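Source file work.cif; content: mmCIF, C-alpha atoms.
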```cif
data_protein
loop_
_atom_site.label_atom_id
_atom_site.label_comp_id
_atom_site.auth_asym_id
_atom_site.auth_seq_id
_atom_site.Cartn_x
_atom_site.Cartn_y
_atom_site.Cartn_z
CA MET A 44 7.05 -62.21 93.95
CA LYS A 45 10.30 -61.06 95.54
CA ARG A 46 12.29 -62.72 92.79
CA TYR A 47 10.10 -61.01 90.16
CA LEU A 48 10.76 -57.60 91.68
CA GLN A 49 14.49 -58.30 91.71
CA VAL A 50 14.38 -59.22 88.03
CA PHE A 51 12.35 -56.09 87.25
CA ALA A 52 14.83 -53.89 89.13
CA ILE A 53 17.77 -55.44 87.29
CA SER A 54 15.97 -54.96 83.96
CA ALA A 55 15.22 -51.31 84.76
CA LEU A 56 18.85 -50.69 85.64
CA ALA A 57 19.95 -52.33 82.43
CA LEU A 58 17.51 -50.19 80.44
CA GLY A 59 18.79 -47.03 82.13
CA ALA A 60 22.35 -48.01 81.35
CA ALA A 61 21.40 -48.65 77.73
CA VAL A 62 19.78 -45.21 77.43
CA SER A 63 22.84 -43.58 79.00
CA CYS A 64 25.12 -45.51 76.68
CA GLN A 65 23.04 -44.44 73.69
CA LYS A 66 23.29 -40.78 74.73
CA ASP A 67 27.06 -41.17 75.11
CA ASN A 68 27.20 -42.65 71.63
CA ASP A 69 25.11 -39.75 70.28
CA ASP A 70 27.46 -37.26 71.94
CA ASP A 71 30.44 -38.95 70.36
CA LYS A 72 28.83 -38.55 66.94
CA ALA A 73 28.00 -34.87 67.42
CA VAL A 74 29.00 -32.65 64.51
CA GLU A 75 31.88 -30.40 65.56
CA LEU A 76 31.01 -26.81 64.66
CA SER A 77 34.32 -25.10 65.33
CA SER A 78 36.31 -26.99 62.64
CA GLY A 79 39.51 -25.63 64.12
CA GLU A 80 38.24 -22.05 64.39
CA THR A 81 36.13 -21.07 67.35
CA ALA A 82 33.56 -18.27 67.47
CA ASN A 83 30.85 -16.71 69.60
CA CYS A 84 28.27 -17.56 66.93
CA TYR A 85 27.78 -20.89 65.17
CA VAL A 86 25.63 -21.38 62.08
CA VAL A 87 23.44 -24.51 62.09
CA SER A 88 21.58 -25.35 58.90
CA ALA A 89 20.27 -28.88 59.50
CA LYS A 90 18.69 -30.97 62.23
CA GLY A 91 21.19 -32.90 64.31
CA THR A 92 23.46 -33.08 67.33
CA TYR A 93 26.30 -30.57 67.44
CA SER A 94 29.22 -29.61 69.63
CA PHE A 95 31.82 -26.89 70.07
CA PRO A 96 34.62 -26.36 72.60
CA ALA A 97 33.80 -24.43 75.76
CA VAL A 98 36.27 -21.65 75.00
CA LYS A 99 35.97 -17.94 74.45
CA GLY A 100 35.07 -17.25 70.84
CA ASN A 101 37.89 -16.65 68.38
CA SER A 102 40.41 -18.14 70.83
CA SER A 103 41.41 -21.33 72.61
CA GLU A 104 41.05 -19.81 76.09
CA PRO A 105 38.83 -21.93 78.37
CA VAL A 106 35.87 -20.11 79.88
CA GLY A 107 36.46 -21.55 83.34
CA ALA A 108 35.21 -24.40 85.50
CA VAL A 109 32.04 -25.35 83.62
CA SER A 110 29.47 -27.35 85.56
CA THR A 111 26.42 -27.20 83.28
CA ALA A 112 25.19 -25.86 79.95
CA GLU A 113 21.79 -24.26 79.48
CA VAL A 114 19.71 -22.81 76.65
CA LEU A 115 18.97 -19.24 77.74
CA TRP A 116 16.44 -18.37 75.04
CA GLU A 117 15.08 -19.34 71.63
CA SER A 118 13.18 -17.31 69.04
CA PHE A 119 11.81 -17.61 65.51
CA GLY A 120 12.66 -13.92 65.03
CA ASN A 121 9.07 -12.70 64.91
CA ASN A 122 5.93 -12.50 67.07
CA GLU A 123 5.32 -16.25 67.09
CA GLU A 124 5.93 -17.80 70.50
CA PRO A 125 8.13 -20.91 70.36
CA ASN A 126 7.93 -23.77 72.80
CA VAL A 127 11.03 -24.55 74.83
CA GLY A 128 13.14 -26.87 72.71
CA ASP A 129 11.55 -26.00 69.36
CA LEU A 130 14.91 -24.81 68.06
CA VAL A 131 17.65 -26.00 70.41
CA SER A 132 17.36 -28.53 73.21
CA ASN A 133 19.26 -30.81 75.58
CA ALA A 134 22.29 -28.56 76.02
CA ARG A 135 24.98 -30.32 78.02
CA TYR A 136 28.65 -30.14 78.91
CA LYS A 137 31.00 -33.06 78.42
CA ASP A 138 34.77 -33.43 78.10
CA GLY A 139 35.39 -29.75 77.51
CA LYS A 140 32.62 -29.36 74.94
CA ILE A 141 29.12 -27.89 74.76
CA ILE A 142 26.78 -30.36 73.07
CA PHE A 143 23.20 -29.68 71.96
CA ASP A 144 20.43 -30.92 69.70
CA ALA A 145 19.05 -28.68 66.94
CA SER A 146 15.76 -28.98 65.08
CA GLU A 147 15.09 -28.21 61.42
CA MET A 148 13.38 -24.92 62.36
CA ARG A 149 14.87 -21.50 61.63
CA GLY A 150 15.64 -18.86 64.23
CA ASN A 151 18.13 -18.05 66.97
CA ALA A 152 19.12 -19.34 70.38
CA VAL A 153 21.78 -18.66 73.00
CA ILE A 154 23.50 -21.36 75.06
CA ALA A 155 25.34 -20.49 78.28
CA ALA A 156 28.03 -22.36 80.21
CA LYS A 157 27.60 -22.05 83.98
CA ASP A 158 29.78 -22.85 86.96
CA ALA A 159 28.66 -24.82 90.01
CA SER A 160 27.08 -21.71 91.57
CA GLY A 161 25.03 -20.98 88.45
CA THR A 162 27.09 -18.00 87.29
CA ILE A 163 27.30 -17.64 83.51
CA LEU A 164 30.91 -18.04 82.41
CA TRP A 165 30.33 -17.50 78.69
CA SER A 166 27.53 -17.78 76.13
CA TRP A 167 27.26 -18.57 72.44
CA HIS A 168 24.75 -17.58 69.77
CA ILE A 169 23.33 -20.49 67.76
CA TRP A 170 22.15 -19.14 64.41
CA LEU A 171 19.74 -21.57 62.76
CA THR A 172 19.65 -20.52 59.13
CA ASP A 173 20.72 -21.64 55.70
CA LYS A 174 24.38 -20.86 55.10
CA PRO A 175 24.72 -17.09 54.46
CA ARG A 176 25.97 -16.22 50.98
CA GLU A 177 28.97 -14.07 50.17
CA GLN A 178 28.49 -10.77 48.34
CA VAL A 179 31.44 -9.09 46.65
CA TYR A 180 31.23 -5.33 47.12
CA ASN A 181 32.27 -2.80 44.49
CA ASN A 182 35.77 -1.37 44.10
CA ASP A 183 37.42 -4.39 45.74
CA ALA A 184 36.09 -3.10 49.05
CA GLY A 185 35.59 -6.56 50.51
CA ILE A 186 33.12 -9.42 50.87
CA MET A 187 30.05 -9.14 53.09
CA MET A 188 27.27 -11.50 54.14
CA ASP A 189 24.01 -11.32 52.25
CA ARG A 190 22.05 -10.83 55.49
CA ASN A 191 22.16 -9.29 58.93
CA LEU A 192 23.58 -11.27 61.80
CA GLY A 193 20.65 -13.27 63.19
CA ALA A 194 18.47 -12.97 60.07
CA THR A 195 17.13 -16.22 58.66
CA THR A 196 16.69 -14.92 55.11
CA ALA A 197 18.11 -12.29 52.79
CA THR A 198 14.76 -11.87 51.02
CA PRO A 199 13.65 -8.21 51.07
CA HIS A 200 10.61 -6.90 52.94
CA LEU A 201 10.36 -9.86 55.36
CA ILE A 202 10.68 -9.59 59.14
CA SER A 203 12.96 -12.64 58.97
CA SER A 204 15.55 -10.50 57.15
CA PHE A 205 15.97 -8.10 60.08
CA GLY A 206 18.10 -10.11 62.50
CA LEU A 207 19.37 -9.21 65.96
CA MET A 208 20.87 -6.16 67.67
CA TYR A 209 24.20 -5.53 69.41
CA GLN A 210 25.83 -3.02 71.71
CA TRP A 211 29.28 -1.96 70.49
CA GLY A 212 31.91 -4.34 71.84
CA ARG A 213 29.50 -6.97 73.19
CA LYS A 214 29.28 -10.46 71.74
CA ASP A 215 25.72 -11.31 72.75
CA PRO A 216 22.61 -10.40 70.73
CA PHE A 217 19.53 -8.48 71.76
CA ARG A 218 16.01 -8.66 70.39
CA GLY A 219 15.00 -6.80 67.24
CA VAL A 220 11.52 -5.74 66.13
CA GLU A 221 8.87 -8.50 66.00
CA ASN A 222 6.83 -7.42 62.97
CA LEU A 223 6.47 -4.70 60.37
CA ASN A 224 3.03 -3.48 61.47
CA ILE A 225 4.54 -0.48 63.28
CA LYS A 226 2.19 1.77 65.24
CA ASP A 227 4.55 3.46 67.71
CA TYR A 228 7.93 4.28 66.21
CA TRP A 229 9.50 5.10 69.57
CA ASN A 230 8.54 2.07 71.65
CA GLN A 231 8.34 -1.04 69.54
CA PRO A 232 7.65 -4.66 70.51
CA THR A 233 10.60 -7.02 70.24
CA ILE A 234 10.73 -10.59 68.96
CA VAL A 235 9.10 -13.21 71.16
CA THR A 236 11.44 -15.59 72.96
CA THR A 237 11.09 -18.57 75.28
CA SER A 238 12.42 -16.57 78.26
CA GLU A 239 11.63 -13.33 80.01
CA TRP A 240 14.35 -10.72 79.64
CA PRO A 241 15.66 -8.69 82.59
CA GLU A 242 15.17 -4.97 82.80
CA ALA A 243 17.93 -2.77 81.42
CA VAL A 244 20.45 -1.48 83.97
CA VAL A 245 22.38 1.78 84.06
CA SER A 246 26.13 1.56 83.58
CA ASP A 247 28.08 2.13 86.78
CA ARG A 248 31.22 0.74 88.40
CA THR A 249 29.45 -2.59 88.96
CA THR A 250 27.27 -3.05 85.89
CA GLY A 251 29.41 -1.24 83.35
CA THR A 252 32.15 -3.86 83.14
CA VAL A 253 33.08 -6.56 80.65
CA GLY A 254 32.73 -9.14 83.43
CA TYR A 255 29.16 -8.06 84.16
CA ALA A 256 28.28 -8.08 80.45
CA VAL A 257 29.63 -11.62 80.04
CA ALA A 258 27.78 -12.91 83.12
CA ASN A 259 24.54 -11.14 82.10
CA PRO A 260 24.23 -11.64 78.33
CA MET A 261 20.51 -10.79 78.27
CA THR A 262 20.85 -7.50 80.17
CA PHE A 263 21.02 -4.30 78.13
CA ILE A 264 23.38 -1.82 79.78
CA ILE A 265 22.26 1.80 79.47
CA GLY A 266 25.11 4.18 78.65
CA ASN A 267 26.76 6.19 81.41
CA GLU A 268 26.72 9.98 81.22
CA ASN A 269 30.50 10.35 80.98
CA ASN A 270 31.06 8.69 77.61
CA GLU A 271 27.67 7.30 76.43
CA ASP A 272 29.18 3.82 76.48
CA TRP A 273 27.85 0.76 78.29
CA LEU A 274 31.42 0.28 79.55
CA TYR A 275 31.70 2.55 82.55
CA GLY A 276 34.33 5.27 82.61
CA GLU A 277 34.84 8.38 84.65
CA ASP A 278 35.98 10.55 81.77
CA TYR A 279 35.13 11.26 78.14
CA ASP A 280 37.29 8.54 76.61
CA THR A 281 36.63 4.81 76.58
CA ASP A 282 38.26 1.51 75.65
CA ASN A 283 38.64 0.72 71.94
CA THR A 284 39.88 -2.86 72.14
CA ARG A 285 36.59 -4.77 72.50
CA TRP A 286 36.04 -4.88 68.73
CA GLN A 287 38.94 -4.48 66.33
CA SER A 288 39.94 -5.29 62.75
CA GLU A 289 41.92 -8.19 64.23
CA LYS A 290 39.01 -10.28 65.48
CA THR A 291 38.67 -10.25 69.28
CA VAL A 292 37.06 -12.64 71.76
CA TYR A 293 34.05 -10.29 71.89
CA ASP A 294 33.35 -10.26 68.15
CA PRO A 295 29.82 -11.65 67.54
CA CYS A 296 30.32 -12.96 63.98
CA PRO A 297 30.73 -16.63 62.97
CA ALA A 298 34.11 -18.17 62.17
CA GLY A 299 35.70 -16.62 59.08
CA TRP A 300 33.72 -13.39 59.52
CA ARG A 301 34.01 -10.27 61.66
CA VAL A 302 32.41 -6.91 62.36
CA PRO A 303 33.54 -4.72 59.41
CA ASP A 304 35.77 -1.69 59.25
CA GLY A 305 33.87 1.61 59.01
CA GLY A 306 34.52 5.31 59.12
CA PRO A 307 35.95 7.37 56.23
CA GLU A 308 38.12 4.46 55.08
CA GLY A 309 35.70 1.60 55.77
CA ILE A 310 34.10 -0.95 53.48
CA TRP A 311 30.93 1.04 52.81
CA VAL A 312 32.82 4.19 51.78
CA LYS A 313 35.07 2.15 49.47
CA ALA A 314 32.15 0.25 47.92
CA PHE A 315 30.03 3.36 47.36
CA GLY A 316 33.04 5.06 45.79
CA THR A 317 32.52 8.34 47.60
CA GLU A 318 34.07 9.80 50.73
CA ILE A 319 31.22 12.18 51.51
CA ASP A 320 29.46 11.42 54.77
CA TYR A 321 25.90 12.02 53.49
CA PHE A 322 24.20 11.53 50.15
CA GLU A 323 20.76 10.85 48.71
CA SER A 324 20.30 8.05 46.21
CA ALA A 325 17.10 7.10 44.37
CA GLY A 326 16.08 3.57 43.44
CA GLY A 327 16.00 0.45 45.58
CA TRP A 328 14.05 1.93 48.49
CA ASP A 329 11.06 -0.06 49.72
CA THR A 330 7.93 2.10 49.67
CA GLY A 331 6.92 0.40 52.91
CA LEU A 332 10.17 1.68 54.44
CA SER A 333 11.34 -1.80 55.49
CA GLY A 334 14.75 -1.33 53.89
CA VAL A 335 16.83 -0.61 50.80
CA ASP A 336 18.34 -2.76 48.07
CA PHE A 337 21.80 -1.33 47.47
CA SER A 338 22.14 -3.16 44.17
CA LYS A 339 19.39 -0.92 42.73
CA THR A 340 20.21 2.50 44.18
CA ASP A 341 21.94 5.15 42.05
CA ILE A 342 25.06 4.71 44.17
CA LYS A 343 25.50 0.98 44.76
CA LEU A 344 27.32 -1.31 47.15
CA ALA A 345 27.36 -4.23 44.70
CA THR A 346 25.75 -5.26 41.44
CA ALA A 347 23.99 -8.25 39.88
CA GLU A 348 22.23 -9.43 43.04
CA THR A 349 20.05 -8.14 45.83
CA VAL A 350 21.96 -6.31 48.56
CA TRP A 351 19.22 -5.88 51.14
CA TYR A 352 19.68 -3.69 54.23
CA PRO A 353 16.63 -3.56 56.55
CA ASN A 354 15.67 -0.50 58.59
CA GLU A 355 15.63 -2.08 62.03
CA GLY A 356 16.02 1.08 64.07
CA LEU A 357 18.07 0.94 67.26
CA ILE A 358 17.84 0.11 70.94
CA TYR A 359 18.14 3.55 72.47
CA CYS A 360 21.18 3.96 74.70
CA ILE A 361 19.45 5.98 77.44
CA SER A 362 16.32 3.84 77.78
CA GLY A 363 17.00 0.33 76.47
CA ILE A 364 13.86 0.62 74.31
CA LEU A 365 13.76 -0.42 70.65
CA SER A 366 12.88 2.62 68.55
CA GLY A 367 12.82 3.80 64.95
CA ALA A 368 12.23 0.59 63.01
CA LEU A 369 11.13 1.56 59.46
CA GLN A 370 12.53 5.03 60.19
CA LEU A 371 16.25 4.30 60.17
CA GLY A 372 18.87 1.58 60.09
CA GLY A 373 22.24 1.55 61.82
CA TYR A 374 25.05 -0.95 61.14
CA TRP A 375 28.02 -1.21 63.46
CA SER A 376 31.66 -1.17 62.43
CA VAL A 377 34.74 -1.81 64.57
CA THR A 378 36.01 1.69 63.82
CA THR A 379 35.82 4.38 66.47
CA ARG A 380 36.13 8.14 66.79
CA SER A 381 36.74 9.47 70.26
CA ARG A 382 34.02 7.99 72.46
CA TYR A 383 31.82 6.97 69.51
CA GLY A 384 31.60 4.01 67.18
CA TYR A 385 31.02 4.48 63.46
CA VAL A 386 27.87 3.09 61.82
CA LEU A 387 26.46 2.96 58.34
CA ALA A 388 23.20 4.88 58.77
CA ILE A 389 20.26 4.71 56.35
CA ILE A 390 17.23 7.01 56.46
CA PRO A 391 14.42 5.77 54.18
CA LEU A 392 12.14 8.79 54.38
CA ASP A 393 14.89 10.94 52.84
CA LYS A 394 16.38 8.11 50.72
CA ALA A 395 19.56 9.13 52.45
CA VAL A 396 22.75 7.25 53.26
CA MET A 397 25.39 8.18 55.81
CA PRO A 398 28.34 5.84 55.16
CA TYR A 399 30.06 6.86 58.38
CA GLN A 400 27.98 8.31 61.15
CA ASP A 401 29.28 8.30 64.72
CA SER A 402 27.01 6.72 67.32
CA PRO A 403 27.05 6.23 71.11
CA ARG A 404 28.48 2.79 71.81
CA ALA A 405 25.65 1.96 74.19
CA HIS A 406 23.14 1.96 71.31
CA GLY A 407 21.91 -1.43 70.10
CA CYS A 408 22.39 -1.61 66.31
CA SER A 409 22.45 -4.22 63.56
CA VAL A 410 25.58 -6.06 62.46
CA ARG A 411 26.45 -7.14 58.91
CA CYS A 412 29.52 -9.39 58.99
CA MET A 413 32.55 -8.99 56.71
CA LYS A 414 34.60 -11.92 55.44
CA ILE A 415 38.12 -12.17 56.81
CA ARG A 416 40.59 -12.16 53.94
#
```

Using C-alpha cells, write down the structure that the file contains.
Amino acid sequence: MKRYLQVFAISALALGAAVSCQKDNDDDKAVELSSGETANCYVVSAKGTYSFPAVKGNSSEPVGAVSTAEVLWESFGNNEEPNVGDLVSNARYKDGKIIFDASEMRGNAVIAAKDASGTILWSWHIWLTDKPREQVYNNDAGIMMDRNLGATTATPHLISSFGLMYQWGRKDPFRGVENLNIKDYWNQPTIVTTSEWPEAVVSDRTTGTVGYAVANPMTFIIGNENNEDWLYGEDYDTDNTRWQSEKTVYDPCPAGWRVPDGGPEGIWVKAFGTEIDYFESAGGWDTGLSGVDFSKTDIKLATAETVWYPNEGLIYCISGILSGALQLGGYWSVTTRSRYGYVLAIIPLDKAVMPYQDSPRAHGCSVRCMKIR
C-alpha cells in the first residue's frame, strides 16, 4: 500500500509538471500583439493566446516591478451580463510580458499589471472586434476608423456601434450606454461588466493626479472647480501634454492610430470643407436619434461608404453620470483652447453639427481614432 501511494504521488507530480510545461509551451507560442509598436489598446480579432510587453503604451518604458496581471473587467458592450472569462481569461505576467487567452466573442476588457502590494502600475484595453476599416475623409483631411473606439461594429443603429467613453488625457475607457431604449436622458444605465465600478471621486490634490488616474483606471474623476479638468490645478489653466498630435503614453488608440486633431484646423473642419463652428445639414440622420451617417448628409465627411457617428451622450463632468445618449454626441480631439478640449459635437434633434466645440476636459466623451501618417 505504501509503495502504491509513493507511485501515485510521483505520478501526480509528473502530471503537474507536464501541465506546467504545456502552459509554458503555450506562452511561448502566444501571438505578439505589439509587432514592434506598443499601445494602450490592442485589437484582438480571433480566439487564441496573446502577449504584449509590460510597457507604457506608445513607448518602451517599463511600467515598474510587475508581480501579477489581472483582468479588471469584461463587457459585451450592452446589457447582457458576461461570465468572468467569457472574453479574456488567464492573464499572467512572464519574462516582461503580459500574456492572456482570448475567446471568439466580441466586446472589451481591461488587463492591469500590479506590483507585489496589489497597486495597479498600468492597464491596457483589449478590444475584441474585427479589424476596424480605414475611411478616407474628404479634402485630403486624413484617414479615420470606421467605428468608435470600443465599438464592435460600424453598422448603424446598433448599440454595438457606440463604443466606450474617455476623459480628456486619460488612456483608460469608461462605460457607455447599455441599450437604446432610453427613458431618462439625464441618468442612463451603462454597459454591464463583470466587475463593480467604484464611485466617482472629486478632483483634489490627491485624486486629481496622473498617478492616481493610472492606479485607478476604473475611477471617474469629477472636474475641479478651478479649471473643470480631472487633473487638479489651483488656477484657470491646465496641462496640455497628456494628449498631443505626437502620440503620448496616455493616448488610448491602438498602434498606428491616435486621437485626432480638432479645433478650427482639425480633421472634421477640413473634411466638411467649412470653417464655421455650427451648421445644420439634412440627410443621414437616424429618425430614432441613434446617430448620423456623414456620407449621406448635405455636408459630408466622406463619400461612397457609411460614415456612422453614434449619439452616445457624455459622462457629465460634475456628477460622473452618463447623460444625453440619443440627444447629443461628443468626440474628443487632442486640440485644446485655454482650459477646454475641442470636440466634434452632433445634435440630432436640430440636425446640427459643431465641428469644433470646446468642452470641459473632465467630461467623458467618445473617441474616433485617426490614422498616423

Closest of A:Ala108, A:Pro307, A:Arg404, A:Thr349 to A:Gln178 - atom-to-atom distances counting only C-alpha atoms: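 Checking each of A:Ala108, A:Pro307, A:Arg404, A:Thr349 against A:Gln178, counting only C-alpha atoms, the winner is A:Thr349.
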
Give the answer as one residue: which of A:Tyr359, A:Tyr399, A:Glu147, A:Ala82 has the shortest atom-to-atom distance to A:Glu318, using only C-alpha atoms?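 Result for the nearest residue to A:Glu318: A:Tyr399.
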
So how far away is atom CA of A:Phe263 from atom CA of A:Asn121, in Å?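 Going from atom CA of A:Asn121 over to atom CA of A:Phe263 covers 19.7 Å.
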
Within 9 Å of A:Val179, counting all atoms listed in the file, which residues qualify if same-chain residues fewer than 3 places away don't, as a PDB file with C-alpha atoms, in the frame of the given file?
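Written file, result_30.pdb:
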```pdb
ATOM      1  CA  ASP A 183      37.420  -4.390  45.740  1.00  0.00           C
ATOM      2  CA  ALA A 184      36.090  -3.100  49.050  1.00  0.00           C
ATOM      3  CA  GLY A 185      35.590  -6.560  50.510  1.00  0.00           C
ATOM      4  CA  ILE A 186      33.120  -9.420  50.870  1.00  0.00           C
ATOM      5  CA  MET A 187      30.050  -9.140  53.090  1.00  0.00           C
ATOM      6  CA  MET A 188      27.270 -11.500  54.140  1.00  0.00           C
ATOM      7  CA  LEU A 344      27.320  -1.310  47.150  1.00  0.00           C
ATOM      8  CA  ALA A 345      27.360  -4.230  44.700  1.00  0.00           C
ATOM      9  CA  THR A 346      25.750  -5.260  41.440  1.00  0.00           C
TER      10      THR A 346
END
```

Within 9 Å of A:Arg218 using only C-alpha atoms, minus same-chain residues under 3 positions, as a VMD selection string: chain A and resid 120 206 to 209 221 233 to 236 358 365

7 Å contact set for A:Asp158, all atoms listed in the file, chain neighbours under 3 positions out, as a count of residues only: 8

Do you know which residues are at most 6 Å from stretch 266-282 of chain A counting only C-alpha atoms, after dropping those on the same chain fewer than 2 positions away, and could you put them as a VMD selection string? chain A and resid 246 to 247 251 to 252 264 284 360 382 403 to 405

Residue selection dump (C-alpha atoms) as a compact mmCIF listing (two decimals), keeping the file's coordinate frame:
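result30.txt was written with the following content:
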```
# COMPACT_ATOMS: atom_id res chain seq x y z
CA SER A 246 26.13 1.56 83.58
CA ASP A 247 28.08 2.13 86.78
CA GLY A 251 29.41 -1.24 83.35
CA THR A 252 32.15 -3.86 83.14
CA ILE A 264 23.38 -1.82 79.78
CA THR A 284 39.88 -2.86 72.14
CA CYS A 360 21.18 3.96 74.70
CA ARG A 382 34.02 7.99 72.46
CA PRO A 403 27.05 6.23 71.11
CA ARG A 404 28.48 2.79 71.81
CA ALA A 405 25.65 1.96 74.19
```

Between A:Leu115, A:Ala197, A:Leu332, A:Val386, which residue has the minimum interatomic distance to A:Met261, considering only C-alpha atoms?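 Between A:Leu115, A:Ala197, A:Leu332, A:Val386, the residue approaching A:Met261 most closely is A:Leu115.
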
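Our summary of the geometry notes that atom CA of A:Ser409 is positioned 7.4 Å from atom CA of A:Leu192.
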
Atom CA of A:Lys90 to atom CA of A:Asp71, straight-line distance in Å: 16.4 Å

Translate the PyMOL selection byres ((chain A and resi 242) around 12), as applied to the file shown, into an explicit residue set as a PDB file with C-alpha atoms, in the frame of the given file.
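Listing of out.pdb after writing:
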```pdb
ATOM      1  CA  GLU A 239      11.630 -13.330  80.010  1.00  0.00           C
ATOM      2  CA  TRP A 240      14.350 -10.720  79.640  1.00  0.00           C
ATOM      3  CA  PRO A 241      15.660  -8.690  82.590  1.00  0.00           C
ATOM      4  CA  ALA A 243      17.930  -2.770  81.420  1.00  0.00           C
ATOM      5  CA  VAL A 244      20.450  -1.480  83.970  1.00  0.00           C
ATOM      6  CA  VAL A 245      22.380   1.780  84.060  1.00  0.00           C
ATOM      7  CA  ASN A 259      24.540 -11.140  82.100  1.00  0.00           C
ATOM      8  CA  MET A 261      20.510 -10.790  78.270  1.00  0.00           C
ATOM      9  CA  THR A 262      20.850  -7.500  80.170  1.00  0.00           C
ATOM     10  CA  PHE A 263      21.020  -4.300  78.130  1.00  0.00           C
ATOM     11  CA  ILE A 264      23.380  -1.820  79.780  1.00  0.00           C
ATOM     12  CA  ILE A 265      22.260   1.800  79.470  1.00  0.00           C
ATOM     13  CA  SER A 362      16.320   3.840  77.780  1.00  0.00           C
ATOM     14  CA  GLY A 363      17.000   0.330  76.470  1.00  0.00           C
ATOM     15  CA  ILE A 364      13.860   0.620  74.310  1.00  0.00           C
TER      16      ILE A 364
END
```

I'd like to see the residues matched by the PyMOL selection byres ((chain A and resi 288-293) around 10) on this file, and ideally I'd get them as a PDB file with C-alpha atoms, in the frame of the given file.
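As written to disk, out.pdb reads:
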```pdb
ATOM      1  CA  THR A  81      36.130 -21.070  67.350  1.00  0.00           C
ATOM      2  CA  ALA A  82      33.560 -18.270  67.470  1.00  0.00           C
ATOM      3  CA  ASN A  83      30.850 -16.710  69.600  1.00  0.00           C
ATOM      4  CA  VAL A  98      36.270 -21.650  75.000  1.00  0.00           C
ATOM      5  CA  LYS A  99      35.970 -17.940  74.450  1.00  0.00           C
ATOM      6  CA  GLY A 100      35.070 -17.250  70.840  1.00  0.00           C
ATOM      7  CA  ASN A 101      37.890 -16.650  68.380  1.00  0.00           C
ATOM      8  CA  SER A 102      40.410 -18.140  70.830  1.00  0.00           C
ATOM      9  CA  SER A 103      41.410 -21.330  72.610  1.00  0.00           C
ATOM     10  CA  GLU A 104      41.050 -19.810  76.090  1.00  0.00           C
ATOM     11  CA  TRP A 211      29.280  -1.960  70.490  1.00  0.00           C
ATOM     12  CA  GLY A 212      31.910  -4.340  71.840  1.00  0.00           C
ATOM     13  CA  ARG A 213      29.500  -6.970  73.190  1.00  0.00           C
ATOM     14  CA  LYS A 214      29.280 -10.460  71.740  1.00  0.00           C
ATOM     15  CA  ASP A 215      25.720 -11.310  72.750  1.00  0.00           C
ATOM     16  CA  VAL A 253      33.080  -6.560  80.650  1.00  0.00           C
ATOM     17  CA  VAL A 257      29.630 -11.620  80.040  1.00  0.00           C
ATOM     18  CA  THR A 284      39.880  -2.860  72.140  1.00  0.00           C
ATOM     19  CA  ARG A 285      36.590  -4.770  72.500  1.00  0.00           C
ATOM     20  CA  TRP A 286      36.040  -4.880  68.730  1.00  0.00           C
ATOM     21  CA  GLN A 287      38.940  -4.480  66.330  1.00  0.00           C
ATOM     22  CA  ASP A 294      33.350 -10.260  68.150  1.00  0.00           C
ATOM     23  CA  PRO A 295      29.820 -11.650  67.540  1.00  0.00           C
ATOM     24  CA  CYS A 296      30.320 -12.960  63.980  1.00  0.00           C
ATOM     25  CA  ALA A 298      34.110 -18.170  62.170  1.00  0.00           C
ATOM     26  CA  GLY A 299      35.700 -16.620  59.080  1.00  0.00           C
ATOM     27  CA  TRP A 300      33.720 -13.390  59.520  1.00  0.00           C
ATOM     28  CA  ARG A 301      34.010 -10.270  61.660  1.00  0.00           C
ATOM     29  CA  VAL A 302      32.410  -6.910  62.360  1.00  0.00           C
ATOM     30  CA  PRO A 303      33.540  -4.720  59.410  1.00  0.00           C
ATOM     31  CA  ASP A 304      35.770  -1.690  59.250  1.00  0.00           C
ATOM     32  CA  GLY A 305      33.870   1.610  59.010  1.00  0.00           C
ATOM     33  CA  SER A 376      31.660  -1.170  62.430  1.00  0.00           C
ATOM     34  CA  VAL A 377      34.740  -1.810  64.570  1.00  0.00           C
ATOM     35  CA  THR A 378      36.010   1.690  63.820  1.00  0.00           C
ATOM     36  CA  ILE A 415      38.120 -12.170  56.810  1.00  0.00           C
TER      37      ILE A 415
END
```

Find the residues near A:Ala152: any atom within 8 Å, counting only C-alpha atoms, skip ones fewer than 5 places away on the same chain, and give them as an MDAnalysis selection string. chainID A and resid 114:118 130:131 168:171

Selection in question (the file shown): the PyMOL selection byres ((chain A and resi 390-395) around 10). Which residues does it include, as a PyMOL selection string? chain A and resi 321-335+340+353-354+356+369-373+388-389+396-398

Would you please work out which residue, of A:Ala256, A:Ala134, A:Val220, A:Ile142, is nearest to A:Pro96 when using all atoms listed in the file? A:Ile142

Residue among A:Ile319, A:Ile310, A:Ala159, A:Ala97 lying closest to A:Leu76, counting only C-alpha atoms: A:Ala97

How close does stretch 54-136 of chain A get to stretch 173-177 of chain A? List, as CSV, each residue of stretch 54-136 of chain A within 8 Å, its nearest atom pair and the distance in Å to one decimal, counting all atoms listed in the file.
```
residue,atom,partner,partner_atom,distance
A:Val86,CA,A:Lys174,CA,7.1
A:Val87,CA,A:Asp173,CA,7.5
A:Ser88,CA,A:Asp173,CA,5.0
```
